[in-house]
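**Student:** Starting off with a structure, shown below.
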Amino acid sequence: MSVPERARDTANPPFAPSARLVCVVGHAVGRSFPIAGTAPVTIGRAEDADIVIEGAEVSRHHARIRWERGQFVLTDLGSRNGTLVNGVSIREHVLASGDRVQIGGWTVLVFAIDDDLEQRALRLQKLESLAALTGGIVHDFKNTLGAILTNAELLRDQLAARPGSEAETEMVDDIAIAARASLDTARRLLYFSDRDEGSDLIALDLGKLVDGVIAVAGRALQARRINVEIAIGPRLIIRGRPDELHHVLLNLIMNARDAMREGGVVRVAATARTLARTEALELHLPVEGDYVELTVSDTGCGMDAATQARALEPFFTTKPAQEGTGLGLSTVYGVVRRLGGNVLIESAVGRGTAMRLLLPRG
């Protein structure tokens, strides 16, 4: 495993924004076709087209949309009946939200770039509602489990004094083990739902925290032939609980490992940012001021838009049941929000994932 000296570059990998084509006229009227990531999208009648449009007037491979130099470009592929944008025949055209793309003279598709700020706000609202609901349920659940565990321990003490009660004692032990495991799950859910900042936060050197987590995760990364790159700016101090932030960073690194089955690179980068009020509000942060932007990125399989939208929800996972509980990223989100920060996800299928954590500077 290669762990280079902390470097200068903390830039995030480039990701195309998500967009969509909505059919307003034609055989597919009402359908929405997502355009995600940087891979070219082919429109046509052929079965292997990314967006299949039926109709004899549509060529098998009619047009293509690609992400190039920060913009979506539409190209006609020499189709029989041409491609029009806003009524004008084109060979190549830089698309803008609201453009009407006419395919073969009959089908009309409206192009729209998804508003990332709006989507983040909606997801944040959903997560905050889930957190409020989860918190009340988990506190009741913990009280019930506490009663089960207390009575199981009392019953075990009584059985221990009774000769010939070994079988019953084993059953009570099983009850206690199950109750403790459930309490552990409840505690992890409280990371997601609790909003009490507490008074035991301390100043932490982010560089030392990263070094400690990499030391723990090193063997697991080596086993997958994963290299580690670290780019941490100098004197980055954050406030938090050491065990929680260690758990947060370890979760992100192990998620990155799981996304790279055939090896790759995980990069941990951090830099200082000073945000004005407008910038802070756009990032859904409570106040303007000094922050640390911590990014854990990988070169793995990436996530589609639907997965990104649910990735921070408790119990949501794309892993097999025996490999994950779905509490990893929800725990990350809960801890970071409680500290006054936010979690942003940038990902595209086949292009990897970047998890961006914005944390107040200590």
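So you can find residues: chains in the structure tokens are A, B, ... in the order shown, residues in each start at 1, and ligands are numbered from 1 in order.
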Could you name the residues that touch Leu327 of chain A at 6 Å or less, counting only C-alpha atoms, but leaving out those on the same chain fewer than 2 positions away, as a PDB file with C-alpha atoms, in the first residue's frame?

**Tutor:**
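Once everything was written out, this is result-v3.pdb:
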```pdb
ATOM      1  CA  PRO A 314     -30.860   4.453   7.870  1.00  0.00           C
ATOM      2  CA  PHE A 315     -31.078   0.791   6.811  1.00  0.00           C
ATOM      3  CA  THR A 325     -26.778  -3.124   8.040  1.00  0.00           C
ATOM      4  CA  LEU A 329     -23.571   6.394   6.125  1.00  0.00           C
ATOM      5  CA  SER A 330     -26.584   7.353   8.228  1.00  0.00           C
ATOM      6  CA  THR A 331     -24.224   7.344  11.225  1.00  0.00           C
TER       7      THR A 331
END
```

**Student:** I need the residues of segment 20-183 of chain A that end up classed as strand (DSSP E or B) by DSSP on the backbone, written out as a PyMOL selection string.

**Tutor:** chain A and resi 20-25+32-35+41-44+51-52+63-68+71-76+83-85+88-90+92-94+100-103+107-113

**Student:** Using only C-alpha atoms, can you tell me which of A:Ile148, A:Val335, A:Met260, A:Val268 comes closest to Leu206 of chain A?

**Tutor:**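 Answer, going by the shortest atom-to-atom distance: A:Val268.
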
**Student:** Which of segment 72-181 of chain A end up as alpha helix (DSSP H) when DSSP is run on this backbone - answer as JSON, numbers by chain?

**Tutor:** {"A": [116, 117, 118, 119, 120, 121, 122, 123, 124, 125, 126, 127, 128, 129, 130, 131, 132, 133, 134, 135, 136, 137, 138, 139, 140, 141, 142, 143, 144, 145, 146, 147, 148, 149, 150, 151, 152, 153, 154, 155, 156, 157, 158, 159, 160, 166, 167, 168, 169, 170, 171, 172, 173, 174, 175, 176, 177, 178, 179, 180, 181]}

**Student:** Which polymer residues have any atom within 12 Å of an atom of Leu209 of chain A, counting only C-alpha atoms, with same-chain residues fewer than 2 positions away left out, as a VMD selection string?

**Tutor:** chain A and resid 203 to 207 211 to 216 232 236 to 250 268 270 294

**Student:** Selection from above, C-alpha atoms, as a PDB file, in the first residue's frame, can you write it?

**Tutor:**
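Result file selection35.pdb:
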```pdb
ATOM      1  CA  ALA A 203     -10.301  20.164  19.631  1.00  0.00           C
ATOM      2  CA  LEU A 204      -8.858  17.490  17.332  1.00  0.00           C
ATOM      3  CA  ASP A 205      -5.996  17.607  14.843  1.00  0.00           C
ATOM      4  CA  LEU A 206      -7.508  16.247  11.635  1.00  0.00           C
ATOM      5  CA  GLY A 207      -4.161  15.083  10.272  1.00  0.00           C
ATOM      6  CA  ASP A 211      -3.238   8.902  10.319  1.00  0.00           C
ATOM      7  CA  GLY A 212      -4.817   6.856  13.104  1.00  0.00           C
ATOM      8  CA  VAL A 213      -7.705   5.651  10.941  1.00  0.00           C
ATOM      9  CA  ILE A 214      -5.421   4.749   8.018  1.00  0.00           C
ATOM     10  CA  ALA A 215      -3.246   2.724  10.404  1.00  0.00           C
ATOM     11  CA  VAL A 216      -6.322   0.725  11.464  1.00  0.00           C
ATOM     12  CA  ILE A 232      -4.361  17.174   4.301  1.00  0.00           C
ATOM     13  CA  LEU A 236      -6.677  21.784  10.427  1.00  0.00           C
ATOM     14  CA  ILE A 237      -8.437  21.645  13.800  1.00  0.00           C
ATOM     15  CA  ILE A 238     -12.025  20.473  14.233  1.00  0.00           C
ATOM     16  CA  ARG A 239     -14.158  19.953  17.332  1.00  0.00           C
ATOM     17  CA  GLY A 240     -15.853  16.677  18.138  1.00  0.00           C
ATOM     18  CA  ARG A 241     -15.674  13.420  20.034  1.00  0.00           C
ATOM     19  CA  PRO A 242     -12.604  11.374  19.017  1.00  0.00           C
ATOM     20  CA  ASP A 243     -14.411   8.020  18.990  1.00  0.00           C
ATOM     21  CA  GLU A 244     -17.292   9.350  16.859  1.00  0.00           C
ATOM     22  CA  LEU A 245     -15.077  11.035  14.271  1.00  0.00           C
ATOM     23  CA  HIS A 246     -12.788   8.004  14.122  1.00  0.00           C
ATOM     24  CA  HIS A 247     -15.890   5.905  13.442  1.00  0.00           C
ATOM     25  CA  VAL A 248     -17.087   8.372  10.762  1.00  0.00           C
ATOM     26  CA  LEU A 249     -13.796   8.364   8.850  1.00  0.00           C
ATOM     27  CA  LEU A 250     -13.350   4.608   9.152  1.00  0.00           C
ATOM     28  CA  VAL A 268      -8.416  11.418   1.759  1.00  0.00           C
ATOM     29  CA  ALA A 270      -8.902  18.138   3.471  1.00  0.00           C
ATOM     30  CA  LEU A 294     -12.866  16.666   4.267  1.00  0.00           C
TER      31      LEU A 294
END
```

**Student:** Excluding same-chain residues fewer than 6 positions from Gly300 of chain A, what lies within 8 Å of it counting only C-alpha atoms, as a list in words?

**Tutor:**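 Once the nearby chain positions are removed, what remains is Ala256, Ala259, Met260, Arg261, Gly264, Gly350, Arg351, Gly352 and Thr353 of chain A.
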
**Student:** Just write the chosen residues, N, CA and C atoms, as a PDB file, in the first residue's frame.

**Tutor:**
```pdb
ATOM      1  N   ALA A 256     -15.472   2.961   0.771  1.00  0.00           N
ATOM      2  CA  ALA A 256     -14.676   3.132  -0.448  1.00  0.00           C
ATOM      3  C   ALA A 256     -14.004   1.811  -0.827  1.00  0.00           C
ATOM      4  N   ALA A 259     -16.339  -0.539  -2.542  1.00  0.00           N
ATOM      5  CA  ALA A 259     -16.711  -0.142  -3.902  1.00  0.00           C
ATOM      6  C   ALA A 259     -15.629  -0.491  -4.922  1.00  0.00           C
ATOM      7  N   MET A 260     -14.476  -0.982  -4.443  1.00  0.00           N
ATOM      8  CA  MET A 260     -13.347  -1.288  -5.333  1.00  0.00           C
ATOM      9  C   MET A 260     -12.955  -2.747  -5.176  1.00  0.00           C
ATOM     10  N   ARG A 261     -13.734  -3.637  -5.739  1.00  0.00           N
ATOM     11  CA  ARG A 261     -13.507  -5.080  -5.594  1.00  0.00           C
ATOM     12  C   ARG A 261     -12.209  -5.526  -6.257  1.00  0.00           C
ATOM     13  N   GLY A 264      -7.786  -0.290  -6.553  1.00  0.00           N
ATOM     14  CA  GLY A 264      -8.000   1.088  -6.958  1.00  0.00           C
ATOM     15  C   GLY A 264      -7.299   2.045  -6.019  1.00  0.00           C
ATOM     16  N   GLY A 350     -19.460   3.953 -12.547  1.00  0.00           N
ATOM     17  CA  GLY A 350     -18.204   3.681 -13.238  1.00  0.00           C
ATOM     18  C   GLY A 350     -17.146   4.734 -13.042  1.00  0.00           C
ATOM     19  N   ARG A 351     -17.459   5.805 -12.303  1.00  0.00           N
ATOM     20  CA  ARG A 351     -16.515   6.914 -12.135  1.00  0.00           C
ATOM     21  C   ARG A 351     -16.101   7.141 -10.690  1.00  0.00           C
ATOM     22  N   GLY A 352     -16.604   6.326  -9.773  1.00  0.00           N
ATOM     23  CA  GLY A 352     -16.228   6.479  -8.386  1.00  0.00           C
ATOM     24  C   GLY A 352     -17.146   7.402  -7.606  1.00  0.00           C
ATOM     25  N   THR A 353     -16.781   7.612  -6.350  1.00  0.00           N
ATOM     26  CA  THR A 353     -17.607   8.405  -5.437  1.00  0.00           C
ATOM     27  C   THR A 353     -16.718   9.320  -4.616  1.00  0.00           C
TER      28      THR A 353
END
```

**Student:** Might you pull out every residue within 10 Å of Met303 of chain A, with only C-alpha atoms counted and same-chain residues fewer than 4 positions away left off, and present them as a list in words?

**Tutor:**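 The residues satisfying every condition are Ala36, Gly37, Ala259, Thr307, Gln308, Ala309, Ala311, Thr318, Ile345, Glu346, Ser347, Ala348, Val349, Gly350, Arg351, Gly352 and Thr353 of chain A.
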
**Student:** Looking at only C-alpha atoms, which of A:Gly289, A:Gly26, A:Gly334, A:Gly87 is the one that sits closest to Pro360 of chain A?

**Tutor:**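 Among the listed residues, the smallest separation from Pro360 of chain A belongs to A:Gly289.
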
**Student:** Skipping near chain neighbours, those fewer than 3 positions away, what residues fall within 8 Å of segment 165-181 of chain A using only C-alpha atoms, listed as a ChimeraX atom specification?

**Tutor:** /A:145-146,148-149,152-153,155-156,159-160,162,184-185

**Student:** Given the selection you just returned, output its residues as a file containing C-alpha atoms, formatted as a compact mmCIF listing (two decimals), in the first residue's frame.

**Tutor:**
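For reference, out.txt as written:
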```txt
# COMPACT_ATOMS: atom_id res chain seq x y z
CA LEU A 145 -34.73 -3.42 25.65
CA GLY A 146 -33.40 -2.13 28.95
CA ILE A 148 -35.78 -7.05 28.90
CA LEU A 149 -32.06 -7.04 29.68
CA ALA A 152 -32.98 -11.42 31.97
CA GLU A 153 -30.02 -10.69 34.25
CA LEU A 155 -33.64 -14.26 36.16
CA ARG A 156 -30.18 -15.60 35.39
CA LEU A 159 -31.41 -19.73 38.03
CA ALA A 160 -27.73 -19.82 38.95
CA ARG A 162 -30.94 -23.52 41.37
CA ASP A 184 -25.99 -1.61 20.07
CA THR A 185 -28.10 -1.12 16.93
```

**Student:** Can you tell me, as number ranges by chain, what residues are no more than 6 Å from Leu357 of chain A when counting only C-alpha atoms, ignoring any on the same chain fewer than 2 positions away?

**Tutor:** A: 293-294, 342-343

**Student:** Include N, CA, C and O atoms and write out the residues we just selected as an mmCIF file, in the first residue's frame.

**Tutor:**
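That gives us again04.cif:
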```
data_model
loop_
_atom_site.group_PDB
_atom_site.id
_atom_site.type_symbol
_atom_site.label_atom_id
_atom_site.label_comp_id
_atom_site.auth_asym_id
_atom_site.auth_seq_id
_atom_site.Cartn_x
_atom_site.Cartn_y
_atom_site.Cartn_z
ATOM 1 N N GLU A 293 -13.207 21.216 4.858
ATOM 2 C CA GLU A 293 -13.829 20.322 3.885
ATOM 3 C C GLU A 293 -12.984 19.055 3.789
ATOM 4 O O GLU A 293 -11.845 19.089 3.327
ATOM 5 N N LEU A 294 -13.538 17.967 4.265
ATOM 6 C CA LEU A 294 -12.866 16.666 4.267
ATOM 7 C C LEU A 294 -13.527 15.789 3.209
ATOM 8 O O LEU A 294 -14.738 15.570 3.256
ATOM 9 N N ASN A 342 -22.267 19.303 7.261
ATOM 10 C CA ASN A 342 -23.136 18.655 6.291
ATOM 11 C C ASN A 342 -22.336 17.641 5.488
ATOM 12 O O ASN A 342 -21.108 17.709 5.417
ATOM 13 N N VAL A 343 -23.058 16.696 4.875
ATOM 14 C CA VAL A 343 -22.463 15.645 4.056
ATOM 15 C C VAL A 343 -23.004 15.786 2.641
ATOM 16 O O VAL A 343 -24.217 15.834 2.436
#
```

**Student:** Would you work out the distance separating atom CA of Leu77 of chain A from atom CA of Ala63 of chain A, expressed in Å to one decimal?

**Tutor:**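 Those two atoms sit 5.0 Å apart.
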
**Student:** Which of these residues is nearest to Ile53 of chain A, using only C-alpha atoms: A:Thr299, A:Thr107, A:Asn143, A:Gln222?

**Tutor:** A:Thr107

**Student:** Given only C-alpha atoms as the basis, pick out the residue of A:Arg267, A:Ala272, A:Gly302, A:Thr278 nearest to Asp290 of chain A.

**Tutor:**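 Once distances to Asp290 of chain A are computed over only C-alpha atoms, the minimum belongs to A:Ala272.
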
**Student:** So, counting only C-alpha atoms, which residue among A:Gly70, A:Pro320, A:Gly341, A:Gly78 is closest to Asp258 of chain A?

**Tutor:** A:Pro320

**Student:** One decimal, Å: what's the distance from atom CA of Gly105 of chain A over to atom CA of Glu68 of chain A, could you say?

**Tutor:**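 Distance reported for this atom pair: 26.6 Å.
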